Amino acid sequence: PPHDLCLSLCLRGGGTVIGSARCQDFRSKEGRAKAACNLVKLGITNLCVIGGDGSLTGANEFRNEWSELLQILLKAGRIYISEEAKRSSHLNIVGMVGSIDNDFCGTDMTIGTDSALHRIMEVVDAITTTAQSHQRAFILEVMGRHCGYLALVTALACGADWVFIPEMPPDEGWEDHLCRRLTYQRSIGNRLNVIIVAEGALDRHGKPITCDIIKNLVTKKLSFDTRATILGHVQRGGTPSAFDRILGSRMGVEAVMALLEATPDTPACVVSLSGNMAVRLPLMECVQVTKEVTKAMAEGRFEEAVKLRGKSFENNWNTYKLLAHVTAPDVKSNINIAILNVGAPCAGMNAAVRSAVRIGILQGHNMLAVHDGFDGLAHGTIEPMAWGYVGGWTGKGGSNLGTKRSLPASMIEEISLNIAKFNIHALVIIGGFEAFVGGLELVTAREKFEELCIPLVVIPATVSNNVPGSDFSIGADTALNTITTTCDRIKQSAAGTKRRVFIIETMGGYCGYLATMAGLAAGADAAYIYEDPFGIHDLETNVEHLLEKMKTTVKRGLILRNEKCNANYTTDFLFNLYSEEGKGVFDCRKNVLGHMQQGGTPTPFDRNFGTKMGAKAVLWLTDKLKECYRHGRIFANTPDSACVLGMKKRAMIFQPLFDLKEDTDFEHRIPKTEWWLKLRPILKILAKYKISLDTSETHLPLTIQTGVLSSVE
């Protein structure tokens with residue numbers, strides 16, 4: 001069996017510890033017969049294949065000709081007819097897609113894509129700094145010979161001026177259009193231009209569009225100081241992101257469950273991601289659709305190619321089109337939309353503000369900045385925002401507008417007066433649980449203050465991920481990566497000393513999302529949270545587990561504790577308990593991560609999520625304002641005019657604030673139902689506790705419906 005230490009390194013190690021190769025021998029029947037012989041000799045009847053469409057197609061062919069291969073081996077006398085052939089009468093196959101290009105149809109996200117985006121954004125952020133200093137244009141080539149996902153999401157996440165992808169070549173005359181756009185950006189005060197190119201980018205005639213072609217064009221026509229960077233294989237390396245660790249772990253469990261439930265008649269399946277659900281899909285159907293995309297691009301059916309890539313890719317492309325290659329309309333709508341941040345700051349807030357402002361301007365609206373949350377709305381610290389006001393905000397952490405935890409109930413009259421004074425027609429409230437409660441208080445006050453009868457939308461943004469109505473909040477992914485990276489470093493510090501257990505306290509209030517997900521991503525031995533009550537017997541079990549673990553080759557432990565999991569079992573209590581019970585076997589250290597979890601540069605996920613949430617919120621408000629326009633004024637007093645925009649399973653949906661009250665534990669500031677709690681048994685199984693995994697509630701004819709971290713539509 002694999003060495004325990006080797007398995008513990010898998011989580012934070014890039015690449016593959018078991019090795020990978022493009023095997024030419026496997027392309028021939030003789031080579032596949034040799035592979036079949038190896039499996040039979042080892043008694044292996046279940047095979048999990050992690051790779052791209054080529055690997056999965058080969059695996060399916062291997063399974064289909066399994067009986068034929070056994071006959072070949074029997075005739076050659078390489079296996080025995082009675083025992084080995086009977087024991088290996090059929091082969092079960094399940095696939096998982098590992099590809100940084102995210103080029104496999106049927107899944108929103110492939111294993112490795114998010115980590116590649118992290119590497120790309122690190123480079124983009126570094127380049128942006130030098131480009132602003134020198135007033136340069138930068139052209140960045142990313143991987144994606146046949147798929148433009150990396151290029152497209154990078155463009156969204158950094159606010160690029162232009163993106164070239166193979167699925168949608170630029171229109172004829174793109175050279176002049178590109179130059180006009182770059183010139184316009186400089187004219188409004190931008191000191192840098194960023195152009196993202198997928199390595200497989202083509203024009204409408206099938207000719208490659210390379211970094212050098214674009215560089216020569218910009219240099220010759222505009223005389224801009226231009227630099228080109230080709231990232232290459234740096235995108236494949238590095239430490240996996242928290243997203244990829246959890247995605248890989250979750251899909252690995254799902255793959256094993258699929259194999260255990262398989263029969264000789266079960267078709268080969270691939271474990272895929274659809275919105276917020278892991279699903280099992282017929283392997284070859286997905287492979288066929290993937291090939292259809294390549295065929296559609298080759299035949300010039302580009303709109304169809306984008307649709308075939310899936311809903312997530314299509315929504316990314318539509319959001320990019322909304323924010324790029326357009327100019328503000330000449331006719332104004334005379335609508336004023338105010339944006340404010342409420343609660344604790346988090347990474348991604350600024351990305352949401354930026355996209356909301358720019359989409360609003362493109363709709364002809366006047367966009368207003370409210371500084372310092374509801375306090376600013378009450379005190380009138382409100383100012384207009386132009387296009388350039390939010391330039392460069394996508395990659396900035398924290399809250400540029402300023403944010404406070406104050407709720408509006410105590411200053412409703414002042415708020416209503418300022419809404420009338422500044423003629424505000426709609427509100428975008430970006431924040432955590434305070435934003436949700438504040439929105440409810442504004443809606444409740446509509447009975448007394450007619451000025452509050454305007455549409456409003458709450459966009460969840462908090463590291464705690466505790467806003468009702470959404471499976472994910474902006475900022476949670478960045479905090480999760482911060483915790484995971486810190487845990488990696490802490491565990492590494494024990495590599496020399498051995499026999500050490502770390503107790504780490506995470507944020508989240510009463511919500512255990514961060515502790516649970518960080519536990520999965522960092523390989524924790526236990527994660528204590530409020531939603532999963534624990535007592536002295538559980539603590540005793542955990543201590544005994546660690547005492548046994550110290551007898552193995554992995555001589556270190558990691559315990560995570562959510563800050564409000566239990567009023568009596570504090571971080572100090574746990575530290576003292578583990579220190580006392582581990583005396584002579586291991587020693588303990590404790591770390592309270594604190595506010596470092598709220599800071600930092602937003603991850604690609606949070607930039608992308610925030611960008612799409614901000615855009616969708618303003619487009620919804622635009623439609624709602626048309627519905628609420630009566631007798632020459634805006635009047636909105638129905639429940640569906642005040643909503644939370646949240647991601648639920650497969651889609652981003654709007655849910656009335658009042659409808660979410662019943663599903664809210666206001667005392668502990670958490671939703672009553674939390675999807676990620678279903679993942680806690682996996683944390684315990686991977687920590688080598690002997691427990692069962694119940695999937696009976698999630699079975700569908702072809703799918704197992706479970707929650708995992710996901711890309712967003």
# chains A, B, ... in the order shown; residues from 1 in each chain; ligands from 1
call {"tool": "select_by_dssp", "arguments": {"residues": "range 334-530 of chain A", "states": "strand (DSSP E or B)", "output": "JSON, numbers by chain"}}
result
{"A": [336, 337, 338, 339, 340, 341, 342, 366, 367, 368, 369, 370, 382, 383, 384, 385, 403, 404, 426, 427, 428, 429, 430, 431, 456, 457, 458, 459, 460, 461, 474, 500, 501, 502, 503, 504, 505, 506, 526, 527, 528]}
call {"tool": "residues_around", "arguments": {"residues": "range 98-103 of chain A", "least_positions_apart": "4", "cutoff": "7 Å", "atoms": "only C-alpha atoms", "output": "list in words"}}
result
Ile50, Gly51, Gly52, Met109, Thr110, Ile111, Gly112, Thr113, Ala116, Met143, Gly144, Cys147, Tyr149 and Leu150 of chain A
call {"tool": "closest_residue", "arguments": {"among": "A:Ile213, A:Met96, A:Leu657, A:Ala160", "to": "Val194 in chain A", "atoms": "only C-alpha atoms"}}
result
A:Ala160
call {"tool": "atom_distance", "arguments": {"atom1": "CA of Ala242 in chain A", "atom2": "CA of Trp676 in chain A"}}
result
14.7 Å
call {"tool": "select_by_dssp", "arguments": {"residues": "range 328-367 of chain A", "states": "alpha helix (DSSP H)", "output": "number ranges by chain"}}
result
A: 349-362
call {"tool": "closest_residue", "arguments": {"among": "A:Glu505, A:Leu558, A:Gln598, A:Lys549", "to": "Ser399 in chain A", "atoms": "only C-alpha atoms"}}
result
A:Gln598
call {"tool": "closest_residue", "arguments": {"among": "A:Cys211, A:Leu231, A:Ile72, A:Val49", "to": "Leu117 in chain A", "atoms": "only C-alpha atoms"}}
result
A:Leu231
call {"tool": "residues_around", "arguments": {"residues": "range 627-637 of chain A", "least_positions_apart": "5", "cutoff": "10 Å", "atoms": "only C-alpha atoms", "output": "VMD selection string"}}
result
chain A and resid 335 424 to 426 443 to 444 446 to 447 450 to 456 621 to 622 642
